[in-house]
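A short write-up of the structure that comes next.
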Amino acid sequence: MSMPILQKENIMLNARVENKTEAIRLAGQILVNHGYVEDSYIDKMFEREALTTTYIGNFVAIPHGTEDAKQLVKHSGISIVQIPNGVDFGDGNIAKLLIGIAGKNNEHLEILSKIAIVCSEEENVETMINAATEDDILRLLNEVN
């Protein structure tokens, strides 16, 4: 059975987190809770972050698992965590939008490229950071489905 990559339930608005670890765990837990990944995928997200930051600029971070985490992915999916107050991702980089990514096989590359296109426009990121409803975010990212 095929699942949508992004659904309303995968979006958390107005999250409050103390640090990058909490933020990544939250992005991963959404993927776990909705059946996209195994629990241990979150550990692989932390491993990936330890290799090099997933902060991509423009207030956006895209936490995802390591290459060897693919077998922990049941369905390709993304989670969105909106953090209006921001969270420090190191080196003074503040993330206000986390997009957790789990890609089955090599689908993560296609998902990443679609997200990168949307997030390359500052006004799109600004819209998602300030979104009052999940639908505001879904409208911008509907191409990932």
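Identifiers for the structure tokens are assigned positionally: chains receive A, B, ... in sequence, residues are indexed from 1 per chain, and ligands are indexed from 1 in the order shown.
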
Item to check | Non-local contacts of stretch 127-131 of chain A (8 Å; only C-alpha atoms; under 3 positions in same chain excluded) as a ChimeraX atom specification | outcome: /A:13,82-84,96-97,123-124,134,136-137

Next on the checklist: Env of A:Ile101: 7 Å cut, atoms = only C-alpha atoms, seq-sep filter 3 positions within chain, self excluded. Answer as JSON, numbers by chain.
Outcome noted: {"A": [62, 63, 64, 77, 78, 79]}

Keeping only N, CA and C atoms, write the selected residues to a file as a PDB file, in the first residue's frame.
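Output (result08.pdb):
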ATOM      1  N   ILE A  62      17.420  19.836   7.162  1.00  0.00           N
ATOM      2  CA  ILE A  62      16.757  18.656   6.583  1.00  0.00           C
ATOM      3  C   ILE A  62      17.320  17.364   7.196  1.00  0.00           C
ATOM      4  N   PRO A  63      17.034  17.134   8.480  1.00  0.00           N
ATOM      5  CA  PRO A  63      17.572  15.922   9.113  1.00  0.00           C
ATOM      6  C   PRO A  63      17.075  14.654   8.416  1.00  0.00           C
ATOM      7  N   HIS A  64      18.000  13.713   8.227  1.00  0.00           N
ATOM      8  CA  HIS A  64      17.664  12.436   7.596  1.00  0.00           C
ATOM      9  C   HIS A  64      18.684  11.396   8.039  1.00  0.00           C
ATOM     10  N   GLY A  77       8.786   9.313   3.161  1.00  0.00           N
ATOM     11  CA  GLY A  77       7.954  10.339   3.777  1.00  0.00           C
ATOM     12  C   GLY A  77       8.775  11.498   4.285  1.00  0.00           C
ATOM     13  N   ILE A  78       8.107  12.606   4.533  1.00  0.00           N
ATOM     14  CA  ILE A  78       8.756  13.743   5.165  1.00  0.00           C
ATOM     15  C   ILE A  78       7.899  14.245   6.322  1.00  0.00           C
ATOM     16  N   SER A  79       8.574  14.823   7.297  1.00  0.00           N
ATOM     17  CA  SER A  79       7.897  15.491   8.404  1.00  0.00           C
ATOM     18  C   SER A  79       8.337  16.946   8.368  1.00  0.00           C
TER      19      SER A  79
END

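Listed by chain and then by rising number, the residues of chain A that DSSP assigns to strand (DSSP E) from the backbone are Ile11, Met12, Tyr55, Ile56, Gly57, Val60, Ala61, Gly77, Ile78, Ser79, Ile80, Val81, Gln82, Ile83, Pro84, Asn85, Gly86, Val87, Asp88, Ile94, Ala95, Lys96, Leu97, Leu98, Ile99, Gly100, Ile101 and Ala102 of chain A.
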
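What separates atom CA of A:Ile111 from atom CA of A:Met12 is a distance of 19.1 Å.
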
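Take the candidates A:Ile94, A:Ile11, A:Glu38, A:Tyr55 and check each one against A:Ala132 using only C-alpha atoms; the shortest distance goes to A:Ile11.
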
Item to check | Polymer residues at most 12 Å from A:Asp39, only C-alpha atoms, same-chain spacing of 3 or more positions, as a PyMOL selection string | outcome: chain A and resi 25+28-36+42-45+65+69+71-74

N, CA and C atoms of the current selection, written as a short mmCIF file (atom, residue, chain, number, x, y, z; two decimals), in the first residue's frame:
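And here's out-v6.cif as it stands now:
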data_model
loop_
_atom_site.label_atom_id
_atom_site.label_comp_id
_atom_site.auth_asym_id
_atom_site.auth_seq_id
_atom_site.Cartn_x
_atom_site.Cartn_y
_atom_site.Cartn_z
N ARG A 25 14.90 14.84 17.06
CA ARG A 25 14.09 13.74 17.61
C ARG A 25 12.61 13.94 17.25
N GLY A 28 12.00 13.12 13.61
CA GLY A 28 12.06 11.67 13.43
C GLY A 28 10.87 10.96 14.02
N GLN A 29 10.43 11.43 15.20
CA GLN A 29 9.31 10.77 15.89
C GLN A 29 8.02 10.87 15.08
N ILE A 30 7.83 11.97 14.38
CA ILE A 30 6.65 12.11 13.51
C ILE A 30 6.67 11.01 12.45
N LEU A 31 7.85 10.77 11.86
CA LEU A 31 7.99 9.71 10.84
C LEU A 31 7.72 8.33 11.43
N VAL A 32 8.18 8.11 12.66
CA VAL A 32 7.94 6.83 13.36
C VAL A 32 6.45 6.67 13.64
N ASN A 33 5.85 7.70 14.23
CA ASN A 33 4.44 7.64 14.65
C ASN A 33 3.48 7.36 13.50
N HIS A 34 3.83 7.80 12.31
CA HIS A 34 2.93 7.64 11.18
C HIS A 34 3.32 6.49 10.25
N GLY A 35 4.24 5.64 10.74
CA GLY A 35 4.53 4.40 10.04
C GLY A 35 5.49 4.48 8.86
N TYR A 36 6.26 5.56 8.77
CA TYR A 36 7.21 5.69 7.67
C TYR A 36 8.52 4.95 7.94
N ILE A 42 15.66 7.11 13.96
CA ILE A 42 16.01 8.36 14.65
C ILE A 42 17.49 8.35 15.04
N ASP A 43 18.00 7.21 15.51
CA ASP A 43 19.43 7.11 15.86
C ASP A 43 20.29 7.39 14.63
N LYS A 44 19.83 6.92 13.47
CA LYS A 44 20.58 7.14 12.23
C LYS A 44 20.53 8.62 11.81
N MET A 45 19.45 9.31 12.20
CA MET A 45 19.37 10.75 11.94
C MET A 45 20.44 11.48 12.76
N GLY A 65 18.41 10.14 7.76
CA GLY A 65 19.27 9.06 8.20
C GLY A 65 20.52 8.91 7.35
N ALA A 69 20.79 3.48 6.71
CA ALA A 69 19.49 3.49 7.39
C ALA A 69 18.34 3.10 6.46
N GLN A 71 17.27 0.43 5.16
CA GLN A 71 16.45 -0.73 5.49
C GLN A 71 15.46 -0.45 6.63
N LEU A 72 15.63 0.68 7.30
CA LEU A 72 14.73 1.06 8.39
C LEU A 72 13.53 1.88 7.89
N VAL A 73 13.54 2.20 6.59
CA VAL A 73 12.47 3.00 5.99
C VAL A 73 11.41 2.06 5.42
N LYS A 74 10.17 2.20 5.91
CA LYS A 74 9.05 1.38 5.41
C LYS A 74 8.40 2.04 4.20
#

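Within the 10 Å cut-off around A:Asn145, using only C-alpha atoms and omitting residues fewer than 3 positions from it on the same chain, the listed residues are Met3, Pro4, Ile5, Leu6, Gln7, Ser76, Gly77, Ile78, Ile111, Lys114, Leu138, Leu141 and Asn142 of chain A.
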
Export of the given selection (all heavy atoms) as a short mmCIF file (atom, residue, chain, number, x, y, z; two decimals), in the first residue's frame:
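Produced file selection-v4.cif, reproduced below:
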data_model
loop_
_atom_site.label_atom_id
_atom_site.label_comp_id
_atom_site.auth_asym_id
_atom_site.auth_seq_id
_atom_site.Cartn_x
_atom_site.Cartn_y
_atom_site.Cartn_z
N MET A 3 1.72 5.15 0.56
CA MET A 3 1.35 6.25 1.46
C MET A 3 1.81 7.56 0.84
O MET A 3 2.84 7.59 0.17
CB MET A 3 2.07 6.09 2.81
CG MET A 3 1.59 4.93 3.64
SD MET A 3 2.66 4.69 5.10
CE MET A 3 2.39 6.19 6.03
N PRO A 4 1.05 8.65 1.09
CA PRO A 4 1.55 9.94 0.61
C PRO A 4 2.85 10.29 1.33
O PRO A 4 3.01 9.97 2.51
CB PRO A 4 0.43 10.92 0.97
CG PRO A 4 -0.45 10.23 1.94
CD PRO A 4 -0.21 8.76 1.80
N ILE A 5 3.76 10.92 0.64
CA ILE A 5 5.04 11.31 1.23
C ILE A 5 4.83 12.37 2.31
O ILE A 5 5.44 12.34 3.36
CB ILE A 5 6.01 11.80 0.13
CG1 ILE A 5 6.44 10.58 -0.71
CG2 ILE A 5 7.21 12.52 0.71
CD1 ILE A 5 7.22 10.92 -1.95
N LEU A 6 3.91 13.28 2.03
CA LEU A 6 3.58 14.33 3.01
C LEU A 6 2.08 14.39 3.19
O LEU A 6 1.33 14.47 2.22
CB LEU A 6 4.08 15.71 2.52
CG LEU A 6 3.73 16.90 3.40
CD1 LEU A 6 4.33 16.76 4.79
CD2 LEU A 6 4.20 18.20 2.76
N GLN A 7 1.65 14.29 4.45
CA GLN A 7 0.24 14.46 4.77
C GLN A 7 0.14 15.44 5.94
O GLN A 7 1.12 15.70 6.63
CB GLN A 7 -0.43 13.13 5.06
CG GLN A 7 0.28 12.27 6.08
CD GLN A 7 -0.24 10.85 6.13
OE1 GLN A 7 -1.33 10.57 5.66
NE2 GLN A 7 0.53 9.96 6.71
N SER A 76 8.56 6.02 1.92
CA SER A 76 9.15 7.36 1.80
C SER A 76 8.20 8.38 2.41
O SER A 76 6.98 8.30 2.22
CB SER A 76 9.38 7.70 0.33
OG SER A 76 10.41 6.90 -0.20
N GLY A 77 8.79 9.31 3.16
CA GLY A 77 7.95 10.34 3.78
C GLY A 77 8.78 11.50 4.28
O GLY A 77 10.00 11.40 4.42
N ILE A 78 8.11 12.61 4.53
CA ILE A 78 8.76 13.74 5.17
C ILE A 78 7.90 14.25 6.32
O ILE A 78 6.68 14.08 6.33
CB ILE A 78 9.06 14.90 4.18
CG1 ILE A 78 7.79 15.52 3.61
CG2 ILE A 78 9.99 14.45 3.08
CD1 ILE A 78 8.06 16.76 2.75
N ILE A 111 13.14 13.44 -3.50
CA ILE A 111 12.45 14.23 -2.48
C ILE A 111 13.30 15.46 -2.14
O ILE A 111 12.80 16.59 -2.10
CB ILE A 111 12.18 13.39 -1.22
CG1 ILE A 111 11.19 12.26 -1.53
CG2 ILE A 111 11.65 14.26 -0.08
CD1 ILE A 111 11.09 11.19 -0.43
N LYS A 114 13.19 18.16 -4.83
CA LYS A 114 11.92 18.93 -4.84
C LYS A 114 11.87 19.92 -3.68
O LYS A 114 11.42 21.05 -3.83
CB LYS A 114 10.73 17.97 -4.78
CG LYS A 114 10.54 17.20 -6.08
CD LYS A 114 9.42 16.20 -5.97
CE LYS A 114 9.25 15.45 -7.29
NZ LYS A 114 8.27 14.37 -7.19
N LEU A 138 1.24 22.55 3.13
CA LEU A 138 0.91 21.52 2.13
C LEU A 138 0.83 22.12 0.74
O LEU A 138 1.31 21.51 -0.23
CB LEU A 138 -0.41 20.84 2.47
CG LEU A 138 -0.37 19.77 3.55
CD1 LEU A 138 -1.78 19.31 3.91
CD2 LEU A 138 0.49 18.58 3.14
N LEU A 141 4.32 22.54 -0.67
CA LEU A 141 5.11 21.32 -0.85
C LEU A 141 4.31 20.19 -1.52
O LEU A 141 4.72 19.04 -1.47
CB LEU A 141 5.64 20.84 0.50
CG LEU A 141 6.75 21.68 1.10
CD1 LEU A 141 7.08 21.23 2.51
CD2 LEU A 141 8.00 21.67 0.23
N ASN A 142 3.20 20.53 -2.16
CA ASN A 142 2.36 19.46 -2.73
C ASN A 142 3.07 18.67 -3.81
O ASN A 142 2.69 17.54 -4.09
CB ASN A 142 1.01 20.00 -3.21
CG ASN A 142 1.14 21.00 -4.35
OD1 ASN A 142 2.23 21.26 -4.83
ND2 ASN A 142 0.03 21.54 -4.76
#

Next on the checklist: Show me, as a list in words, the residues that have an atom within 12 Å of A:Glu18 when counting only C-alpha atoms, minus same-chain residues fewer than 6 positions from it.
Outcome noted: Ile24, Arg25, Leu26, Ile83, Asn85, Gly86, Val87, Asp88 and Phe89 of chain A

Next on the checklist: If you run DSSP on the backbone here, which positions in stretch 3-144 of chain A get helix (DSSP H, G or I)? Please write them as a ChimeraX atom specification.
Outcome noted: /A:8-10,20-33,41-51,67-72,107-119,122-129,134-144

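Of the listed residues A:Ile80, A:Ile56, A:Leu112, A:Ala95, the one whose atoms come nearest to A:Asn19 is A:Ala95, with distances taken using only C-alpha atoms.
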
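Within 10 Å of A:Ser120, once only C-alpha atoms are used and residues closer than 6 positions along the same chain are dropped, the contacting residues are A:Ile56, A:Gly57, A:Asn58, A:Val60.
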
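Closest approach to A:His108 from the set A:Leu51, A:Ala27, A:Val17, A:Val144 is made by A:Val144, with distances taken over only C-alpha atoms.
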
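Distances from A:Lys70, A:Glu9, A:Ser2, A:Thr52 to A:Thr133 were compared using only C-alpha atoms, and the smallest one belongs to A:Glu9.
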